[in-house]
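Visitor: Before I ask anything, here is the structure I am working with.
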Amino acid sequence: MENDGMQNGNENGRESAQSLAASPLEVHDLTVSYNRRPVLWDIDFTVPEGKLIAVVGPNGAGKSTLIKAAMGLIPSASGYVRFFGRDLSESRQRVAYVPQRTTVDWDFPTDALDVVLMGRYGRLRLFQRPRRADVEAAHQALQKVGMEQFANRQISQLSGGQQQRVFLARALAQDAELYLMDEPFAGVDAATEAAIVELLRQMRASGKTVIVVHHDLQTVQDYFDWVLLLNMRLIAFGPMETTFTNELLQKTYGGRLSLLTEVADLMRHEQRKERDPL
Amino acid sequence: MSESQLLDFFLLRQYNIRVVVLGTVLLGIGSAAIGCFAFLRKRSLVGDAVAHAALPGVAVAFMLTGTKNPAVFLVGAAIAGWLSMVAMDAIVRRSKIREDAAIGIVLSVFFGLGILLLTRIQKSGAADQAGLDKFLFGQAASLVTADVMVFGAVSLGLVVGLALLHKEFKTISFNSDFAHSIGLPVRGLELAMTTMLVLAVVVGIQAVGVVLMAAMLITPAAAARYWTDRLTVMILLASIFGAIAGYSGALVSYLAPRMPTGPWIVTAGTLIFLISLLAAPRRGMVARGLRNRRNSRKTLEENILKTLYQLGEEQGGMFNLRTASDVARRRRIPESQALRGLGLLRRSGFVEQANNGWKLTQEGETQGRRVTRLHRLWEVYLTEQVSIAPDHVHDDAESIEHVLTPELELQLEALLNRPTSDPHQRAIPYH
């Protein structure tokens, strides 16, 4: 089995780093803090190629943080992240990131096509204008998410689901191999949800690896092949059948983790005392 | 003021008029263009703080060199402006103070220091101190060729820089995390943007003054946003607005050379903004008001058609005469309102008035049936698909029935399998 030793991979992390040098994403001993309060502890996992992977966990479990830290958008306190066996800066074109829809101002003066075109900017030099081929690729990406007829629509006039599809089209325009999506199903209509699921399956069929932060436990098994259970630390990571179990879910969502939260709070207090001795 | 004086101005007949006009117009263009990004990134007040912070820089530059060389002032202002940026950044990063408070702190501390130094310079009676106070409110009339050369160079630099970095600035302004993820040098680009903002501010303060400089950055951008949904067009429009405002300031400077020009430039800019706020198509208040009026009129008309239709259903005789008070009582609206709606409907041919009442025309009946159908279909949808209790759905349907499009109606019909009656067991009238 190619995936041996990846579940709870703490001690096997180093080993798999060698045997799976070309894994789309390898996270090793990653710890992330906000305001000196750790929100992710010692995360280790190695992602297999060509799978649809859900990142699942309760609110505040650090799901988005994990994605952002992997993309280098927030600093990590320790550990390293490898994309296709290399540093992110060396594999940018192979990785596409889809932020949460609500993190941007949709009243920005631009249209759908222009947003999707941004997906091509990573391939252009500084100062360079998008080429005809880039515009063509943006149109094709819009087509793939069923938004071609809205290409010239001002983005504030799109529905939430349509805005999400524009974001996905932008990632498609990047033509990457690994996709990291932060809650693409949040607040979208049924039609968009179906369209996204269809899109994910097409991506898998063409060999892409997709990691999705997902909130809806009901649909995890239908939509994804693998699951990463997260609650400040990695609970489990593996194929759906062996990982999406009652016992592990209990562990993810149960109240047993309060100790970790308490220690985190404590660390923040200690830090404050050091800086501000009162 | 004589006519020939005005003609002199408009035809740019004199050299010094040309200098002042060119200077303020160039300034207006450059600062408005870079101001668009400050505005879109919701950092409008940062420009204000930088402008105020430039004052102590100018004062220190004068105290150190004792000259009024514009280039020296520029350097002093730029350094102080930069320091204020660094200070704001550090406060936000290293303390729990949020950005708005950090801006307030930096603005007032730097500006206070500037006033203090300015007072000291004036008290010291330095031979050549007169004119430093023009940095407070600006005095375009005192612009000389050297200033205009600087304005021109800086404005050109800003415009060229914005054109070159258009796609990068757009991306970090819209979605900075994404920009980061595709490998854009976000920090470097932000640095470039900040530098451009500081440059625009420090050259502008001679003409507009530190107090009102922010308006040169933000007002044209805010006005331009009303007219367009395209970033390039917005920058272009803002530049034109900035140029017009600058031109107006130059005019005032010419007619009253001792008058501070800042307030006049800002007044002109504000006027443009007010016109945009009111008159812009789609986003402007007038357009919005008209749209609301049209909507509420349409709602009233549709409600009355629906009421006439339902009265016909309940009492029989779809095309019988009904009085305005019948309609008013059934709808629970004032009779005057019912009369107004009936009047509107008569004009569009949906009802006819006979001696003692009103009746539906054929088209009116079709419309009344349509609205009734939409209302009931929506009630069915809410109870069946969204599981809302039947006694809760009426009010929702009252508003939805006016906005459902024919396409959505077809979708609803298909989704619900063309139901025959609503949750209150009333028949749904199809075509």
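Numbering starts fresh at 1 for the residues of each chain in the structure tokens, the chains themselves are lettered A, B, ... in the order given, and ligands are numbered from 1 as they appear.
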Should the cut-off be 10 Å, what would the residue list for chain A against chain B look like, counting only C-alpha atoms, as a VMD selection string?
Guide: chain A and resid 35 68 71 to 74 88 to 99 103 to 111 114 to 115 117 to 130 153 to 156 171 174
Visitor: Mind dumping the selected residues with C-alpha atoms as a short mmCIF file (atom, residue, chain, number, x, y, z; two decimals), in the first residue's frame?
Guide:
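Result saved to part_13.cif:
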data_model
loop_
_atom_site.label_atom_id
_atom_site.label_comp_id
_atom_site.auth_asym_id
_atom_site.auth_seq_id
_atom_site.Cartn_x
_atom_site.Cartn_y
_atom_site.Cartn_z
CA ASN A 35 -0.75 36.47 19.27
CA LYS A 68 -2.88 29.65 5.32
CA MET A 71 0.68 28.76 1.89
CA GLY A 72 3.00 30.93 3.96
CA LEU A 73 0.32 33.58 4.52
CA ILE A 74 0.81 33.47 8.27
CA LEU A 88 6.65 26.75 -2.00
CA SER A 89 8.66 29.46 -3.76
CA GLU A 90 9.93 26.79 -6.15
CA SER A 91 6.54 25.24 -6.86
CA ARG A 92 4.18 28.23 -6.96
CA GLN A 93 2.84 27.41 -10.41
CA ARG A 94 1.87 23.92 -9.31
CA VAL A 95 -0.19 25.15 -6.35
CA ALA A 96 -3.43 27.15 -6.37
CA TYR A 97 -5.07 28.68 -3.31
CA VAL A 98 -8.74 29.62 -3.05
CA PRO A 99 -9.34 31.93 -0.06
CA THR A 103 -12.38 37.68 2.96
CA VAL A 104 -12.55 40.11 0.02
CA ASP A 105 -14.60 43.18 -0.75
CA TRP A 106 -16.91 42.17 -3.59
CA ASP A 107 -17.75 45.81 -4.23
CA PHE A 108 -14.30 46.20 -5.78
CA PRO A 109 -14.65 47.82 -9.21
CA THR A 110 -13.96 44.88 -11.49
CA ASP A 111 -15.78 42.14 -13.37
CA ASP A 114 -10.89 40.23 -14.61
CA VAL A 115 -10.87 38.34 -11.32
CA LEU A 117 -7.58 36.61 -15.16
CA MET A 118 -5.73 37.18 -11.88
CA GLY A 119 -5.21 33.43 -11.88
CA ARG A 120 -2.78 33.95 -14.78
CA TYR A 121 -0.76 36.70 -13.12
CA GLY A 122 1.54 34.22 -11.42
CA ARG A 123 2.81 33.27 -14.89
CA LEU A 124 3.44 36.84 -15.96
CA ARG A 125 6.46 38.95 -15.14
CA LEU A 126 6.23 42.16 -13.18
CA PHE A 127 4.79 44.91 -15.45
CA GLN A 128 3.78 42.35 -18.07
CA ARG A 129 0.25 42.62 -19.48
CA PRO A 130 -1.94 39.50 -19.79
CA ARG A 153 -20.73 41.17 -14.88
CA GLN A 154 -19.58 43.49 -12.09
CA ILE A 155 -18.67 41.14 -9.24
CA SER A 156 -20.93 42.79 -6.66
CA ALA A 171 -7.86 28.78 -9.39
CA GLN A 174 -3.82 28.87 -12.63
#
Visitor: If we count only C-alpha atoms, what is near segment 175-189 of chain A at a cut-off of 9 Å, once residues fewer than 4 positions away on the same chain are taken out, given as a PyMOL selection string?
Guide: chain A and resi 24-25+49-50+63-64+67-68+71+83+92-101+119-120+159-162+164-165+167-168+171+193-194+196+207-216
Visitor: May I ask which of the residues A:Ala22, A:Leu200, A:Val56, A:Val116 is the closest one to Met240 of chain A, counting only C-alpha atoms?
Guide: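 For Met240 of chain A, the nearest of the candidates is A:Val56.
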Visitor: Record the distance separating atom CA of Val58 of chain B and atom CA of Ala32 of chain B, expressed in Å with one decimal.
Guide: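 Going from atom CA of Val58 of chain B over to atom CA of Ala32 of chain B covers 22.9 Å.
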Visitor: Using Å and a single decimal, report how far atom CA of Gln143 of chain A sits from atom CA of Ala169 of chain A.
Guide: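 Result for atom CA of Ala169 of chain A versus atom CA of Gln143 of chain A: 8.3 Å, one decimal.
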Visitor: Excluding same-chain residues fewer than 2 positions from segment 97-109 of chain B, what lies within 8 Å of it counting only C-alpha atoms, as an MDAnalysis selection string?
Guide: chainID B and resid 45:46 48:50 52:53 84 87:88 91:92 95 111:113
Visitor: I need the residues from that last selection saved to file as a compact mmCIF listing (two decimals), in the first residue's frame (with all heavy atoms), if you can.
Guide:
# COMPACT_ATOMS: atom_id res chain seq x y z
N LEU B 45 -7.57 57.26 5.41
CA LEU B 45 -7.07 58.15 6.46
C LEU B 45 -5.55 58.11 6.58
O LEU B 45 -4.95 59.02 7.16
CB LEU B 45 -7.70 57.78 7.80
CG LEU B 45 -9.14 58.29 7.95
CD1 LEU B 45 -9.75 57.78 9.23
CD2 LEU B 45 -9.15 59.82 7.91
N VAL B 46 -4.94 57.07 6.04
CA VAL B 46 -3.48 57.00 6.10
C VAL B 46 -2.86 58.19 5.38
O VAL B 46 -1.93 58.83 5.88
CB VAL B 46 -2.98 55.67 5.49
CG1 VAL B 46 -1.47 55.68 5.36
CG2 VAL B 46 -3.43 54.50 6.36
N ASP B 48 -4.15 61.08 5.04
CA ASP B 48 -4.37 62.24 5.90
C ASP B 48 -3.27 62.34 6.96
O ASP B 48 -2.71 63.41 7.20
CB ASP B 48 -5.74 62.10 6.57
CG ASP B 48 -6.25 63.42 7.11
OD1 ASP B 48 -5.78 64.47 6.61
OD2 ASP B 48 -7.08 63.41 8.02
N ALA B 49 -2.97 61.21 7.58
CA ALA B 49 -1.95 61.20 8.62
C ALA B 49 -0.58 61.57 8.03
O ALA B 49 0.16 62.37 8.62
CB ALA B 49 -1.89 59.83 9.29
N VAL B 50 -0.27 61.00 6.87
CA VAL B 50 1.03 61.29 6.24
C VAL B 50 1.13 62.79 5.94
O VAL B 50 2.17 63.42 6.17
CB VAL B 50 1.21 60.46 4.95
CG1 VAL B 50 2.44 60.92 4.19
CG2 VAL B 50 1.30 58.99 5.28
N HIS B 52 -0.40 65.36 7.39
CA HIS B 52 -0.21 66.13 8.63
C HIS B 52 1.20 65.92 9.17
O HIS B 52 1.82 66.83 9.70
CB HIS B 52 -1.23 65.71 9.69
CG HIS B 52 -2.57 66.34 9.50
ND1 HIS B 52 -3.45 65.90 8.54
CD2 HIS B 52 -3.17 67.38 10.12
CE1 HIS B 52 -4.54 66.64 8.59
NE2 HIS B 52 -4.40 67.55 9.54
N ALA B 53 1.70 64.70 9.03
CA ALA B 53 3.02 64.37 9.57
C ALA B 53 4.13 65.08 8.81
O ALA B 53 5.24 65.23 9.31
CB ALA B 53 3.24 62.86 9.54
N SER B 84 6.09 58.63 9.77
CA SER B 84 4.73 58.45 10.28
C SER B 84 4.17 57.11 9.84
O SER B 84 3.48 56.42 10.60
CB SER B 84 3.83 59.59 9.80
OG SER B 84 3.53 59.44 8.43
N ALA B 87 5.71 54.53 11.99
CA ALA B 87 5.14 54.60 13.33
C ALA B 87 3.78 53.93 13.39
O ALA B 87 3.49 53.13 14.29
CB ALA B 87 5.04 56.06 13.77
N MET B 88 2.93 54.22 12.40
CA MET B 88 1.60 53.60 12.39
C MET B 88 1.70 52.08 12.31
O MET B 88 1.02 51.35 13.02
CB MET B 88 0.80 54.13 11.19
CG MET B 88 0.23 55.51 11.42
SD MET B 88 -0.81 56.08 10.06
CE MET B 88 0.38 56.75 8.94
N ILE B 91 2.91 50.62 15.63
CA ILE B 91 1.88 50.64 16.68
C ILE B 91 0.91 49.48 16.48
O ILE B 91 0.56 48.75 17.41
CB ILE B 91 1.13 51.99 16.68
CG1 ILE B 91 2.06 53.10 17.16
CG2 ILE B 91 -0.11 51.92 17.59
CD1 ILE B 91 1.45 54.48 17.08
N VAL B 92 0.46 49.30 15.23
CA VAL B 92 -0.50 48.23 14.96
C VAL B 92 0.11 46.86 15.24
O VAL B 92 -0.52 45.97 15.80
CB VAL B 92 -1.00 48.31 13.51
CG1 VAL B 92 -1.87 47.11 13.17
CG2 VAL B 92 -1.78 49.60 13.29
N SER B 95 1.35 46.53 19.40
CA SER B 95 0.45 46.75 20.52
C SER B 95 -0.93 46.23 20.14
O SER B 95 -1.14 45.75 19.05
CB SER B 95 0.37 48.23 20.87
OG SER B 95 -0.38 48.89 19.88
N PHE B 111 1.41 66.31 13.88
CA PHE B 111 0.89 67.63 13.52
C PHE B 111 1.13 68.62 14.67
O PHE B 111 1.55 69.76 14.45
CB PHE B 111 -0.61 67.54 13.21
CG PHE B 111 -1.19 68.81 12.68
CD1 PHE B 111 -0.68 69.40 11.54
CD2 PHE B 111 -2.26 69.42 13.32
CE1 PHE B 111 -1.23 70.58 11.04
CE2 PHE B 111 -2.81 70.60 12.82
CZ PHE B 111 -2.29 71.18 11.68
N GLY B 112 0.89 68.15 15.89
CA GLY B 112 1.14 68.99 17.06
C GLY B 112 2.59 69.44 17.10
O GLY B 112 2.90 70.63 17.29
N LEU B 113 3.48 68.51 16.85
CA LEU B 113 4.91 68.83 16.84
C LEU B 113 5.21 69.86 15.75
O LEU B 113 5.98 70.82 15.96
CB LEU B 113 5.70 67.53 16.59
CG LEU B 113 7.21 67.64 16.72
CD1 LEU B 113 7.61 67.88 18.16
CD2 LEU B 113 7.88 66.37 16.18
Visitor: Hey, can you check how far atom CA of Thr102 of chain A sits from atom CA of Asn295 of chain B?
Guide: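 A separation of 29.7 Å between them.
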Visitor: Find the residues around Val39 of chain A up to 6 Å (only C-alpha atoms counted), leave out those fewer than 2 positions away in its own chain, and share them as a compact mmCIF listing (two decimals) with C-alpha atoms, in the first residue's frame.
Guide:
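Okay, out11.txt is ready:
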# COMPACT_ATOMS: atom_id res chain seq x y z
CA VAL A 32 1.25 28.02 14.39
CA SER A 33 0.42 30.74 16.92
CA MET A 232 -5.69 22.14 17.08
Visitor: Find the residues around segment 336-349 of chain B up to 8 Å (only C-alpha atoms counted), leave out those fewer than 6 positions away in its own chain, and share them as a list in words.
Guide: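 Final neighbour list, sorted by chain and number: Arg297, Leu300, Glu301, Ile304, Ala324, Ser325, Val327, Ala328, Trp358, Thr361, Glu363 and Gly364 of chain B.
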Visitor: Hey, which of A:Gly85, A:Gly254, A:Gly146, A:Gly62 ends up closest to Val47 of chain A? Count only C-alpha atoms.
Guide: A:Gly85
Visitor: Closest to Leu158 of chain B among B:Gln362, B:Asn303, B:Thr194, B:Gln122, using only C-alpha atoms?
Guide: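 Counting only C-alpha atoms, the residue closest to Leu158 of chain B is B:Thr194.
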Visitor: I'd like to know which residues of segment 200-229 of chain B are helix (DSSP H, G or I) (by DSSP, run on the backbone); could you write them as a PyMOL selection string?
Guide: chain B and resi 200-208+213-225
Visitor: Near Ala77 of chain A, within 10 Å and counting only C-alpha atoms, which residues show up once chain neighbours fewer than 3 positions away are dropped, as a count of residues only?
Guide: 14
Visitor: Please identify which residues in segment 92-275 of chain A DSSP calls strand (DSSP E or B) from the backbone, and express them as an MDAnalysis selection string.
Guide: chainID A and resid 95:98 111 154 178:182 209:213 226:231 233:239
